[in-house]
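What follows is upload_34.pdb (PDB, C-alpha atoms, pLDDT in the B column).
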MODEL        1
ATOM      1  CA  MET A   1     -28.345 -61.379   8.732  1.00 55.00           C
ATOM      2  CA  LYS A   2     -28.581 -65.123   8.153  1.00 53.00           C
ATOM      3  CA  ARG A   3     -32.172 -64.770   6.967  1.00 56.00           C
ATOM      4  CA  ALA A   4     -31.193 -62.041   4.503  1.00 50.00           C
ATOM      5  CA  LEU A   5     -28.338 -64.118   3.134  1.00 47.00           C
ATOM      6  CA  HIS A   6     -30.606 -67.152   2.877  1.00 52.00           C
ATOM      7  CA  ALA A   7     -33.224 -65.162   0.950  1.00 49.00           C
ATOM      8  CA  LEU A   8     -30.578 -63.733  -1.359  1.00 47.00           C
ATOM      9  CA  LEU A   9     -29.151 -67.192  -1.995  1.00 44.00           C
ATOM     10  CA  LEU A  10     -32.598 -68.531  -2.891  1.00 46.00           C
ATOM     11  CA  GLY A  11     -33.085 -65.612  -5.273  1.00 49.00           C
ATOM     12  CA  LEU A  12     -29.776 -66.307  -6.982  1.00 45.00           C
ATOM     13  CA  MET A  13     -30.653 -69.980  -7.351  1.00 48.00           C
ATOM     14  CA  THR A  14     -33.947 -68.995  -8.990  1.00 47.00           C
ATOM     15  CA  LEU A  15     -32.179 -66.671 -11.417  1.00 44.00           C
ATOM     16  CA  ALA A  16     -29.640 -69.359 -12.248  1.00 47.00           C
ATOM     17  CA  ALA A  17     -32.481 -71.625 -13.353  1.00 47.00           C
ATOM     18  CA  LEU A  18     -33.670 -69.049 -15.904  1.00 46.00           C
ATOM     19  CA  PRO A  19     -32.376 -69.027 -19.523  1.00 48.00           C
ATOM     20  CA  SER A  20     -29.060 -67.177 -19.582  1.00 50.00           C
ATOM     21  CA  ALA A  21     -29.178 -65.852 -23.116  1.00 56.00           C
ATOM     22  CA  SER A  22     -31.510 -64.912 -25.932  1.00 68.00           C
ATOM     23  CA  ALA A  23     -30.933 -65.005 -29.670  1.00 78.00           C
ATOM     24  CA  LYS A  24     -30.116 -61.848 -31.583  1.00 90.00           C
ATOM     25  CA  ASP A  25     -29.973 -61.810 -35.381  1.00 95.00           C
ATOM     26  CA  ILE A  26     -27.074 -59.925 -36.958  1.00 96.00           C
ATOM     27  CA  THR A  27     -27.228 -59.189 -40.694  1.00 97.00           C
ATOM     28  CA  LEU A  28     -23.861 -58.685 -42.387  1.00 98.00           C
ATOM     29  CA  ASP A  29     -24.729 -56.710 -45.528  1.00 97.00           C
ATOM     30  CA  PHE A  30     -21.200 -55.293 -46.088  1.00 97.00           C
ATOM     31  CA  GLU A  31     -22.602 -51.837 -46.829  1.00 96.00           C
ATOM     32  CA  ASN A  32     -19.987 -50.306 -44.503  1.00 94.00           C
ATOM     33  CA  MET A  33     -17.103 -51.658 -46.605  1.00 96.00           C
ATOM     34  CA  PRO A  34     -15.586 -49.467 -49.346  1.00 96.00           C
ATOM     35  CA  PRO A  35     -15.739 -51.009 -52.846  1.00 97.00           C
ATOM     36  CA  GLY A  36     -12.416 -52.275 -54.117  1.00 97.00           C
ATOM     37  CA  PRO A  37     -10.112 -55.285 -54.469  1.00 97.00           C
ATOM     38  CA  LEU A  38      -9.473 -57.873 -51.759  1.00 98.00           C
ATOM     39  CA  PHE A  39      -5.991 -59.271 -51.205  1.00 98.00           C
ATOM     40  CA  GLN A  40      -4.390 -62.160 -49.365  1.00 97.00           C
ATOM     41  CA  GLY A  41      -3.638 -60.946 -45.841  1.00 96.00           C
ATOM     42  CA  ASP A  42      -6.504 -58.436 -45.643  1.00 97.00           C
ATOM     43  CA  ALA A  43      -8.641 -58.361 -42.490  1.00 98.00           C
ATOM     44  CA  PHE A  44     -11.755 -56.272 -41.857  1.00 98.00           C
ATOM     45  CA  ASP A  45     -13.792 -55.295 -38.818  1.00 97.00           C
ATOM     46  CA  ILE A  46     -17.317 -55.448 -40.260  1.00 96.00           C
ATOM     47  CA  GLY A  47     -19.126 -54.530 -37.057  1.00 95.00           C
ATOM     48  CA  HIS A  48     -21.252 -56.477 -34.570  1.00 95.00           C
ATOM     49  CA  ASP A  49     -18.065 -58.005 -33.052  1.00 96.00           C
ATOM     50  CA  VAL A  50     -17.433 -59.834 -36.368  1.00 97.00           C
ATOM     51  CA  TYR A  51     -14.299 -59.772 -38.499  1.00 98.00           C
ATOM     52  CA  PHE A  52     -13.734 -61.074 -42.020  1.00 97.00           C
ATOM     53  CA  GLU A  53     -10.624 -62.314 -43.835  1.00 98.00           C
ATOM     54  CA  PRO A  54     -10.521 -63.240 -47.538  1.00 98.00           C
ATOM     55  CA  PHE A  55      -7.794 -65.710 -48.456  1.00 96.00           C
ATOM     56  CA  SER A  56      -6.413 -67.860 -51.245  1.00 94.00           C
ATOM     57  CA  VAL A  57      -6.522 -71.630 -50.886  1.00 91.00           C
ATOM     58  CA  SER A  58      -3.434 -72.016 -53.079  1.00 88.00           C
ATOM     59  CA  SER A  59      -0.431 -73.574 -51.335  1.00 86.00           C
ATOM     60  CA  SER A  60       1.765 -70.993 -53.065  1.00 89.00           C
ATOM     61  CA  ALA A  61      -0.338 -67.976 -52.036  1.00 91.00           C
ATOM     62  CA  GLN A  62       1.583 -64.863 -51.078  1.00 94.00           C
ATOM     63  CA  PRO A  63       0.532 -61.749 -49.148  1.00 96.00           C
ATOM     64  CA  GLY A  64      -0.951 -59.293 -51.600  1.00 96.00           C
ATOM     65  CA  ASP A  65      -2.339 -61.913 -54.012  1.00 95.00           C
ATOM     66  CA  TYR A  66      -5.664 -60.833 -55.518  1.00 96.00           C
ATOM     67  CA  VAL A  67      -8.544 -62.894 -54.094  1.00 96.00           C
ATOM     68  CA  GLY A  68     -11.730 -60.944 -54.799  1.00 96.00           C
ATOM     69  CA  GLU A  69     -13.674 -57.715 -54.637  1.00 97.00           C
ATOM     70  CA  VAL A  70     -15.981 -55.708 -52.461  1.00 98.00           C
ATOM     71  CA  VAL A  71     -18.460 -54.995 -55.247  1.00 98.00           C
ATOM     72  CA  GLU A  72     -20.835 -52.075 -55.517  1.00 97.00           C
ATOM     73  CA  SER A  73     -23.563 -53.499 -57.754  1.00 96.00           C
ATOM     74  CA  ALA A  74     -23.871 -50.265 -59.758  1.00 95.00           C
ATOM     75  CA  TRP A  75     -20.205 -50.698 -60.776  1.00 95.00           C
ATOM     76  CA  ALA A  76     -20.253 -54.487 -61.127  1.00 95.00           C
ATOM     77  CA  GLY A  77     -19.399 -54.438 -64.824  1.00 91.00           C
ATOM     78  CA  GLU A  78     -16.258 -52.387 -64.231  1.00 93.00           C
ATOM     79  CA  GLN A  79     -15.149 -54.175 -61.067  1.00 95.00           C
ATOM     80  CA  CYS A  80     -15.638 -57.762 -62.215  1.00 92.00           C
ATOM     81  CA  GLY A  81     -14.210 -57.450 -65.728  1.00 88.00           C
ATOM     82  CA  GLN A  82     -14.847 -60.616 -67.760  1.00 88.00           C
ATOM     83  CA  VAL A  83     -16.663 -62.265 -64.856  1.00 92.00           C
ATOM     84  CA  GLN A  84     -20.398 -61.650 -64.639  1.00 94.00           C
ATOM     85  CA  CYS A  85     -21.364 -60.264 -61.227  1.00 95.00           C
ATOM     86  CA  PRO A  86     -24.884 -59.439 -59.986  1.00 96.00           C
ATOM     87  CA  GLY A  87     -25.956 -55.933 -60.942  1.00 95.00           C
ATOM     88  CA  THR A  88     -28.269 -55.602 -57.942  1.00 93.00           C
ATOM     89  CA  GLY A  89     -27.904 -56.043 -54.205  1.00 92.00           C
ATOM     90  CA  GLY A  90     -25.960 -52.967 -53.142  1.00 96.00           C
ATOM     91  CA  THR A  91     -22.521 -53.783 -51.742  1.00 98.00           C
ATOM     92  CA  TYR A  92     -21.476 -57.433 -51.521  1.00 98.00           C
ATOM     93  CA  LEU A  93     -18.430 -59.706 -51.410  1.00 98.00           C
ATOM     94  CA  ALA A  94     -17.118 -61.501 -54.495  1.00 97.00           C
ATOM     95  CA  ALA A  95     -14.685 -64.397 -54.061  1.00 96.00           C
ATOM     96  CA  LEU A  96     -12.577 -64.996 -57.182  1.00 93.00           C
ATOM     97  CA  ASN A  97      -9.843 -67.421 -58.272  1.00 84.00           C
ATOM     98  CA  ASP A  98     -11.014 -70.225 -55.959  1.00 86.00           C
ATOM     99  CA  SER A  99     -10.556 -67.984 -52.935  1.00 95.00           C
ATOM    100  CA  ALA A 100     -12.462 -68.396 -49.671  1.00 97.00           C
ATOM    101  CA  MET A 101     -13.797 -66.276 -46.819  1.00 98.00           C
ATOM    102  CA  TYR A 102     -13.292 -66.588 -43.073  1.00 98.00           C
ATOM    103  CA  PHE A 103     -15.600 -65.112 -40.406  1.00 98.00           C
ATOM    104  CA  SER A 104     -15.251 -65.107 -36.631  1.00 98.00           C
ATOM    105  CA  THR A 105     -15.821 -62.849 -33.615  1.00 97.00           C
ATOM    106  CA  PHE A 106     -13.311 -60.704 -31.739  1.00 97.00           C
ATOM    107  CA  SER A 107     -14.763 -61.752 -28.380  1.00 96.00           C
ATOM    108  CA  GLY A 108     -14.887 -65.479 -29.111  1.00 96.00           C
ATOM    109  CA  GLN A 109     -18.684 -65.377 -28.720  1.00 96.00           C
ATOM    110  CA  ALA A 110     -20.312 -68.390 -30.375  1.00 97.00           C
ATOM    111  CA  PHE A 111     -22.929 -67.880 -33.073  1.00 97.00           C
ATOM    112  CA  SER A 112     -25.140 -69.795 -35.475  1.00 97.00           C
ATOM    113  CA  VAL A 113     -25.736 -69.258 -39.196  1.00 98.00           C
ATOM    114  CA  LYS A 114     -29.338 -68.596 -40.178  1.00 98.00           C
ATOM    115  CA  SER A 115     -29.441 -67.492 -43.830  1.00 98.00           C
ATOM    116  CA  LEU A 116     -27.553 -65.838 -46.685  1.00 98.00           C
ATOM    117  CA  ASP A 117     -27.815 -64.554 -50.249  1.00 98.00           C
ATOM    118  CA  ALA A 118     -25.452 -66.056 -52.818  1.00 98.00           C
ATOM    119  CA  SER A 119     -24.770 -66.156 -56.548  1.00 97.00           C
ATOM    120  CA  PHE A 120     -22.363 -68.006 -58.789  1.00 96.00           C
ATOM    121  CA  LEU A 121     -19.874 -65.861 -60.719  1.00 95.00           C
ATOM    122  CA  GLY A 122     -18.596 -66.789 -64.153  1.00 91.00           C
ATOM    123  CA  PRO A 123     -17.785 -65.506 -67.637  1.00 89.00           C
ATOM    124  CA  GLN A 124     -20.426 -65.091 -70.296  1.00 86.00           C
ATOM    125  CA  ALA A 125     -20.849 -68.344 -72.221  1.00 86.00           C
ATOM    126  CA  ALA A 126     -22.838 -69.763 -75.123  1.00 79.00           C
ATOM    127  CA  SER A 127     -24.565 -72.256 -72.823  1.00 86.00           C
ATOM    128  CA  TYR A 128     -24.871 -72.911 -69.108  1.00 93.00           C
ATOM    129  CA  TYR A 129     -25.425 -75.903 -66.826  1.00 93.00           C
ATOM    130  CA  PRO A 130     -28.531 -76.209 -64.626  1.00 95.00           C
ATOM    131  CA  THR A 131     -26.185 -76.127 -61.630  1.00 95.00           C
ATOM    132  CA  MET A 132     -23.213 -73.875 -62.269  1.00 95.00           C
ATOM    133  CA  GLY A 133     -21.666 -74.201 -58.852  1.00 95.00           C
ATOM    134  CA  ALA A 134     -22.229 -74.296 -55.125  1.00 96.00           C
ATOM    135  CA  LEU A 135     -21.402 -72.358 -52.007  1.00 97.00           C
ATOM    136  CA  ARG A 136     -20.277 -74.405 -49.015  1.00 98.00           C
ATOM    137  CA  ILE A 137     -19.934 -73.370 -45.378  1.00 98.00           C
ATOM    138  CA  GLN A 138     -17.646 -75.242 -43.013  1.00 98.00           C
ATOM    139  CA  ALA A 139     -18.693 -74.153 -39.534  1.00 98.00           C
ATOM    140  CA  ASN A 140     -16.305 -75.052 -36.707  1.00 98.00           C
ATOM    141  CA  ARG A 141     -17.413 -75.620 -33.119  1.00 98.00           C
ATOM    142  CA  ALA A 142     -15.394 -74.767 -30.017  1.00 98.00           C
ATOM    143  CA  ASP A 143     -14.545 -78.446 -29.445  1.00 98.00           C
ATOM    144  CA  GLY A 144     -12.890 -78.755 -32.876  1.00 98.00           C
ATOM    145  CA  SER A 145     -15.751 -80.577 -34.596  1.00 98.00           C
ATOM    146  CA  TYR A 146     -17.545 -79.019 -37.550  1.00 98.00           C
ATOM    147  CA  ALA A 147     -20.693 -79.052 -39.675  1.00 98.00           C
ATOM    148  CA  LEU A 148     -21.136 -78.475 -43.413  1.00 98.00           C
ATOM    149  CA  ALA A 149     -23.899 -76.729 -45.348  1.00 98.00           C
ATOM    150  CA  THR A 150     -24.023 -76.628 -49.158  1.00 98.00           C
ATOM    151  CA  PHE A 151     -26.163 -74.381 -51.375  1.00 98.00           C
ATOM    152  CA  TYR A 152     -26.384 -74.999 -55.129  1.00 97.00           C
ATOM    153  CA  LEU A 153     -26.191 -72.030 -57.487  1.00 97.00           C
ATOM    154  CA  GLY A 154     -27.948 -71.855 -60.838  1.00 96.00           C
ATOM    155  CA  PRO A 155     -27.123 -70.240 -64.191  1.00 96.00           C
ATOM    156  CA  PRO A 156     -27.663 -66.576 -65.059  1.00 94.00           C
ATOM    157  CA  GLY A 157     -31.105 -65.302 -65.988  1.00 92.00           C
ATOM    158  CA  ASP A 158     -32.140 -62.592 -68.421  1.00 90.00           C
ATOM    159  CA  ASN A 159     -30.341 -60.003 -66.293  1.00 89.00           C
ATOM    160  CA  GLY A 160     -27.213 -62.067 -65.695  1.00 92.00           C
ATOM    161  CA  TYR A 161     -26.289 -63.739 -62.430  1.00 95.00           C
ATOM    162  CA  GLU A 162     -28.604 -62.818 -59.571  1.00 96.00           C
ATOM    163  CA  PHE A 163     -28.682 -63.502 -55.853  1.00 97.00           C
ATOM    164  CA  THR A 164     -30.708 -66.384 -54.442  1.00 97.00           C
ATOM    165  CA  HIS A 165     -31.791 -66.378 -50.804  1.00 98.00           C
ATOM    166  CA  PHE A 166     -30.929 -69.512 -48.820  1.00 98.00           C
ATOM    167  CA  THR A 167     -31.980 -70.568 -45.326  1.00 98.00           C
ATOM    168  CA  THR A 168     -29.904 -73.096 -43.404  1.00 98.00           C
ATOM    169  CA  SER A 169     -31.428 -76.263 -41.971  1.00 98.00           C
ATOM    170  CA  SER A 170     -32.974 -76.197 -38.506  1.00 98.00           C
ATOM    171  CA  ALA A 171     -30.109 -78.258 -37.085  1.00 97.00           C
ATOM    172  CA  PHE A 172     -27.479 -75.969 -38.610  1.00 98.00           C
ATOM    173  CA  ALA A 173     -29.310 -72.792 -37.563  1.00 97.00           C
ATOM    174  CA  ASN A 174     -29.538 -73.985 -33.955  1.00 96.00           C
ATOM    175  CA  ASP A 175     -25.937 -75.148 -33.672  1.00 97.00           C
ATOM    176  CA  GLN A 176     -23.208 -72.996 -32.115  1.00 97.00           C
ATOM    177  CA  PHE A 177     -19.984 -72.169 -33.953  1.00 98.00           C
ATOM    178  CA  VAL A 178     -16.902 -70.073 -33.259  1.00 98.00           C
ATOM    179  CA  GLU A 179     -15.775 -69.594 -36.873  1.00 98.00           C
ATOM    180  CA  ILE A 180     -16.906 -70.321 -40.416  1.00 98.00           C
ATOM    181  CA  TYR A 181     -15.162 -70.812 -43.749  1.00 98.00           C
ATOM    182  CA  VAL A 182     -17.123 -70.025 -46.922  1.00 98.00           C
ATOM    183  CA  PHE A 183     -15.897 -71.314 -50.287  1.00 96.00           C
ATOM    184  CA  GLY A 184     -17.168 -72.078 -53.765  1.00 95.00           C
ATOM    185  CA  LEU A 185     -17.396 -75.175 -55.932  1.00 94.00           C
ATOM    186  CA  ALA A 186     -17.635 -75.382 -59.726  1.00 93.00           C
ATOM    187  CA  CYS A 187     -19.918 -77.985 -61.330  1.00 93.00           C
ATOM    188  CA  ASN A 188     -19.819 -79.725 -64.708  1.00 91.00           C
ATOM    189  CA  SER A 189     -22.640 -80.699 -67.073  1.00 91.00           C
ATOM    190  CA  ALA A 190     -23.228 -83.929 -65.114  1.00 92.00           C
ATOM    191  CA  GLY A 191     -23.731 -81.991 -61.878  1.00 89.00           C
ATOM    192  CA  SER A 192     -20.483 -83.153 -60.297  1.00 93.00           C
ATOM    193  CA  CYS A 193     -18.930 -80.341 -58.258  1.00 93.00           C
ATOM    194  CA  SER A 194     -15.396 -79.789 -56.999  1.00 91.00           C
ATOM    195  CA  ALA A 195     -13.463 -77.079 -55.198  1.00 90.00           C
ATOM    196  CA  PHE A 196     -10.007 -75.527 -55.261  1.00 86.00           C
ATOM    197  CA  ASN A 197      -8.773 -76.980 -58.538  1.00 73.00           C
ATOM    198  CA  SER A 198     -10.223 -75.021 -61.427  1.00 72.00           C
ATOM    199  CA  ASP A 199     -10.141 -71.269 -60.643  1.00 75.00           C
ATOM    200  CA  ARG A 200     -13.877 -71.425 -61.377  1.00 82.00           C
ATOM    201  CA  GLY A 201     -15.256 -71.837 -57.849  1.00 87.00           C
ATOM    202  CA  GLN A 202     -16.320 -68.206 -57.724  1.00 94.00           C
ATOM    203  CA  PHE A 203     -19.264 -66.776 -55.809  1.00 97.00           C
ATOM    204  CA  ALA A 204     -20.877 -63.631 -54.447  1.00 98.00           C
ATOM    205  CA  LEU A 205     -22.095 -63.390 -50.846  1.00 98.00           C
ATOM    206  CA  ASP A 206     -24.459 -60.898 -49.220  1.00 98.00           C
ATOM    207  CA  ASN A 207     -26.826 -60.537 -46.254  1.00 98.00           C
ATOM    208  CA  LEU A 208     -25.193 -63.220 -44.139  1.00 98.00           C
ATOM    209  CA  VAL A 209     -27.413 -63.570 -41.056  1.00 98.00           C
ATOM    210  CA  LEU A 210     -25.762 -64.806 -37.870  1.00 98.00           C
ATOM    211  CA  THR A 211     -27.529 -65.426 -34.578  1.00 96.00           C
ATOM    212  CA  SER A 212     -25.486 -64.685 -31.477  1.00 88.00           C
ATOM    213  CA  ALA A 213     -26.222 -65.258 -27.803  1.00 68.00           C
ATOM    214  CA  VAL A 214     -27.003 -62.040 -25.917  1.00 56.00           C
ATOM    215  CA  PRO A 215     -26.949 -62.099 -22.094  1.00 50.00           C
ATOM    216  CA  GLU A 216     -30.375 -61.724 -20.485  1.00 45.00           C
ATOM    217  CA  PRO A 217     -30.919 -59.228 -17.635  1.00 49.00           C
ATOM    218  CA  SER A 218     -31.121 -62.240 -15.307  1.00 47.00           C
ATOM    219  CA  THR A 219     -27.488 -63.009 -16.094  1.00 45.00           C
ATOM    220  CA  TRP A 220     -26.370 -59.570 -14.961  1.00 43.00           C
ATOM    221  CA  LEU A 221     -28.618 -59.806 -11.882  1.00 49.00           C
ATOM    222  CA  LEU A 222     -27.060 -63.149 -11.034  1.00 48.00           C
ATOM    223  CA  LEU A 223     -23.578 -61.681 -11.271  1.00 46.00           C
ATOM    224  CA  GLY A 224     -24.491 -58.590  -9.262  1.00 51.00           C
ATOM    225  CA  GLY A 225     -26.295 -60.635  -6.626  1.00 51.00           C
ATOM    226  CA  GLY A 226     -23.308 -62.919  -6.256  1.00 48.00           C
ATOM    227  CA  LEU A 227     -21.015 -59.955  -5.679  1.00 46.00           C
ATOM    228  CA  LEU A 228     -23.410 -58.559  -3.052  1.00 51.00           C
ATOM    229  CA  LEU A 229     -23.517 -61.923  -1.305  1.00 47.00           C
ATOM    230  CA  ILE A 230     -19.727 -62.151  -1.195  1.00 44.00           C
ATOM    231  CA  GLY A 231     -19.494 -58.609   0.163  1.00 52.00           C
ATOM    232  CA  ALA A 232     -22.114 -59.272   2.839  1.00 51.00           C
ATOM    233  CA  VAL A 233     -20.351 -62.420   4.030  1.00 44.00           C
ATOM    234  CA  ARG A 234     -17.011 -60.617   4.206  1.00 47.00           C
ATOM    235  CA  ARG A 235     -18.507 -57.743   6.217  1.00 51.00           C
ATOM    236  CA  ARG A 236     -20.165 -60.214   8.574  1.00 53.00           C
ATOM    237  CA  ARG A 237     -16.886 -62.028   9.185  1.00 51.00           C
ATOM    238  CA  ALA A 238     -15.074 -58.741   9.745  1.00 52.00           C
TER     239      ALA A 238
ENDMDL
END
Let me see the file written as structure tokens.
Amino acid sequence: MKRALHALLLGLMTLAALPSASAKDITLDFENMPPGPLFQGDAFDIGHDVYFEPFSVSSSAQPGDYVGEVVESAWAGEQCGQVQCPGTGGTYLAALNDSAMYFSTFSGQAFSVKSLDASFLGPQAASYYPTMGALRIQANRADGSYALATFYLGPPGDNGYEFTHFTTSSAFANDQFVEIYVFGLACNSAGSCSAFNSDRGQFALDNLVLTSAVPEPSTWLLLGGGLLLIGAVRRRRA
């Protein structure tokens, strides 16, 4: 019996030395969300253990305040009104009136942010700046610290505003976060950008790719082996 327990213990120690998790990419394309307005106080289960909340950054915000749209690109002209929204990309999120977006997981599982598609949103104008705005991610870690990533958004092209694909830095993509805030900045002709003070920090977001930790089979074997070891010891003592 002692030899069997010793062998099992050595096996568990070997498994413990193996990597406990592998990376799994999750693409949030919002295709499962029905097109329509977004309001302060809304919350959505968007699958893959992830939930999303749009919200106003105004200190006087009230439940039910309009903060954006789930846009179906084929209906973008009708849904966005005077604001130009991308006419391609399927279903995506549009943050309006300096609103922001919050993402986290139901389970508390940490994740990293790998890439995203984004576009600035604005009214039709006689002229445009080289940098119309920016999208910024504040990613919070479990210990309360955070990291920032900023992506600059250009003017519309011949077909209006279009999505640009962005990849986060290696350091950001390999970090672990428990929640992220996504918000927009508006820029002036000099390239100076600011947030939350102009009702112009508007953006569209699509294909947000998160990387979550998925337990390896060795993790489950370690747990099962530990339970067997405990049971064997208890039977021996009995």
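Between atom CA of A:Gln176 and atom CA of A:Val50 the interatomic distance comes to 15.0 Å.
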Starting from the displayed file, determine the output of the PyMOL selection byres ((chain A and resi 104-119) around 7) and express the residue list as an NGL selection string. :A and (49-52 or 102-103 or 120-121 or 153 or 161-168 or 172-180 or 203-213)
Return as AutoDock Vina command-line options the centre and edge lengths, in Å with one decimal, of the box along x, y and z that encloses every atom of stretch 126-145 of chain A in the file, padded by 4 Å per side.
--center_x -20.7 --center_y -75.2 --center_z -52.3 --size_x 23.6 --size_y 18.8 --size_z 53.7
Practice problem: Considering only C-alpha atoms, state which residue in the set A:Phe39, A:Trp75, A:Phe151, A:Phe55 is at the smallest distance from A:Gly87. | Solution: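 Ranked by minimum distance to A:Gly87, first place goes to A:Trp75.
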Quick check on the file I pasted: which residues fall under the PyMOL selection byres ((chain A and resi 77-81) around 12)? Write them as a PDB file with C-alpha atoms, in the coordinates of the input.
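Output saved as out27.pdb:
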ATOM      1  CA  PRO A  35     -15.739 -51.009 -52.846  1.00 97.00           C
ATOM      2  CA  GLY A  36     -12.416 -52.275 -54.117  1.00 97.00           C
ATOM      3  CA  PRO A  37     -10.112 -55.285 -54.469  1.00 97.00           C
ATOM      4  CA  LEU A  38      -9.473 -57.873 -51.759  1.00 98.00           C
ATOM      5  CA  VAL A  67      -8.544 -62.894 -54.094  1.00 96.00           C
ATOM      6  CA  GLY A  68     -11.730 -60.944 -54.799  1.00 96.00           C
ATOM      7  CA  GLU A  69     -13.674 -57.715 -54.637  1.00 97.00           C
ATOM      8  CA  VAL A  70     -15.981 -55.708 -52.461  1.00 98.00           C
ATOM      9  CA  VAL A  71     -18.460 -54.995 -55.247  1.00 98.00           C
ATOM     10  CA  GLU A  72     -20.835 -52.075 -55.517  1.00 97.00           C
ATOM     11  CA  SER A  73     -23.563 -53.499 -57.754  1.00 96.00           C
ATOM     12  CA  ALA A  74     -23.871 -50.265 -59.758  1.00 95.00           C
ATOM     13  CA  TRP A  75     -20.205 -50.698 -60.776  1.00 95.00           C
ATOM     14  CA  ALA A  76     -20.253 -54.487 -61.127  1.00 95.00           C
ATOM     15  CA  GLN A  82     -14.847 -60.616 -67.760  1.00 88.00           C
ATOM     16  CA  VAL A  83     -16.663 -62.265 -64.856  1.00 92.00           C
ATOM     17  CA  GLN A  84     -20.398 -61.650 -64.639  1.00 94.00           C
ATOM     18  CA  CYS A  85     -21.364 -60.264 -61.227  1.00 95.00           C
ATOM     19  CA  PRO A  86     -24.884 -59.439 -59.986  1.00 96.00           C
ATOM     20  CA  GLY A  87     -25.956 -55.933 -60.942  1.00 95.00           C
ATOM     21  CA  THR A  88     -28.269 -55.602 -57.942  1.00 93.00           C
ATOM     22  CA  THR A  91     -22.521 -53.783 -51.742  1.00 98.00           C
ATOM     23  CA  TYR A  92     -21.476 -57.433 -51.521  1.00 98.00           C
ATOM     24  CA  LEU A  93     -18.430 -59.706 -51.410  1.00 98.00           C
ATOM     25  CA  ALA A  94     -17.118 -61.501 -54.495  1.00 97.00           C
ATOM     26  CA  ALA A  95     -14.685 -64.397 -54.061  1.00 96.00           C
ATOM     27  CA  LEU A  96     -12.577 -64.996 -57.182  1.00 93.00           C
ATOM     28  CA  ASN A  97      -9.843 -67.421 -58.272  1.00 84.00           C
ATOM     29  CA  LEU A 121     -19.874 -65.861 -60.719  1.00 95.00           C
ATOM     30  CA  GLY A 122     -18.596 -66.789 -64.153  1.00 91.00           C
ATOM     31  CA  PRO A 123     -17.785 -65.506 -67.637  1.00 89.00           C
ATOM     32  CA  GLN A 124     -20.426 -65.091 -70.296  1.00 86.00           C
ATOM     33  CA  GLY A 160     -27.213 -62.067 -65.695  1.00 92.00           C
ATOM     34  CA  TYR A 161     -26.289 -63.739 -62.430  1.00 95.00           C
ATOM     35  CA  GLN A 202     -16.320 -68.206 -57.724  1.00 94.00           C
ATOM     36  CA  PHE A 203     -19.264 -66.776 -55.809  1.00 97.00           C
ATOM     37  CA  ALA A 204     -20.877 -63.631 -54.447  1.00 98.00           C
TER      38      ALA A 204
END
One decimal place gives the atom CA of A:Ser198-atom CA of A:Ile46 separation as 29.7 Å
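Using the PyMOL selection byres ((chain A and resi 183) around 8) on this structure selects A:Ala95, A:Asp98, A:Ser99, A:Ala100, A:Met101, A:Leu135, A:Arg136, A:Ile137, A:Tyr181, A:Val182, A:Gly184, A:Leu185, A:Ala195, A:Gly201, A:Phe203.
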Separating atom CA of A:Leu28 from atom CA of A:Ala171, to the nearest tenth of an Å, is a gap of 21.2 Å
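In terms of minimum interatomic distance to A:Ser189, A:Thr131 ranks closest within A:Thr131, A:Gln138, A:Thr150, A:Ser58, counting only C-alpha atoms.
You can rank A:Tyr152, A:Asn188, A:Asn32, A:Ala23 by their closest distance to A:Gly90 using all atoms listed in the file, and at the top of that list sits A:Asn32.
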- Which of these residues is nearest to A:Gly133, using all atoms listed in the file: A:Ser169, A:Ser192, A:Asn159, A:Gln62?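 The closest residue to A:Gly133 is A:Ser192.
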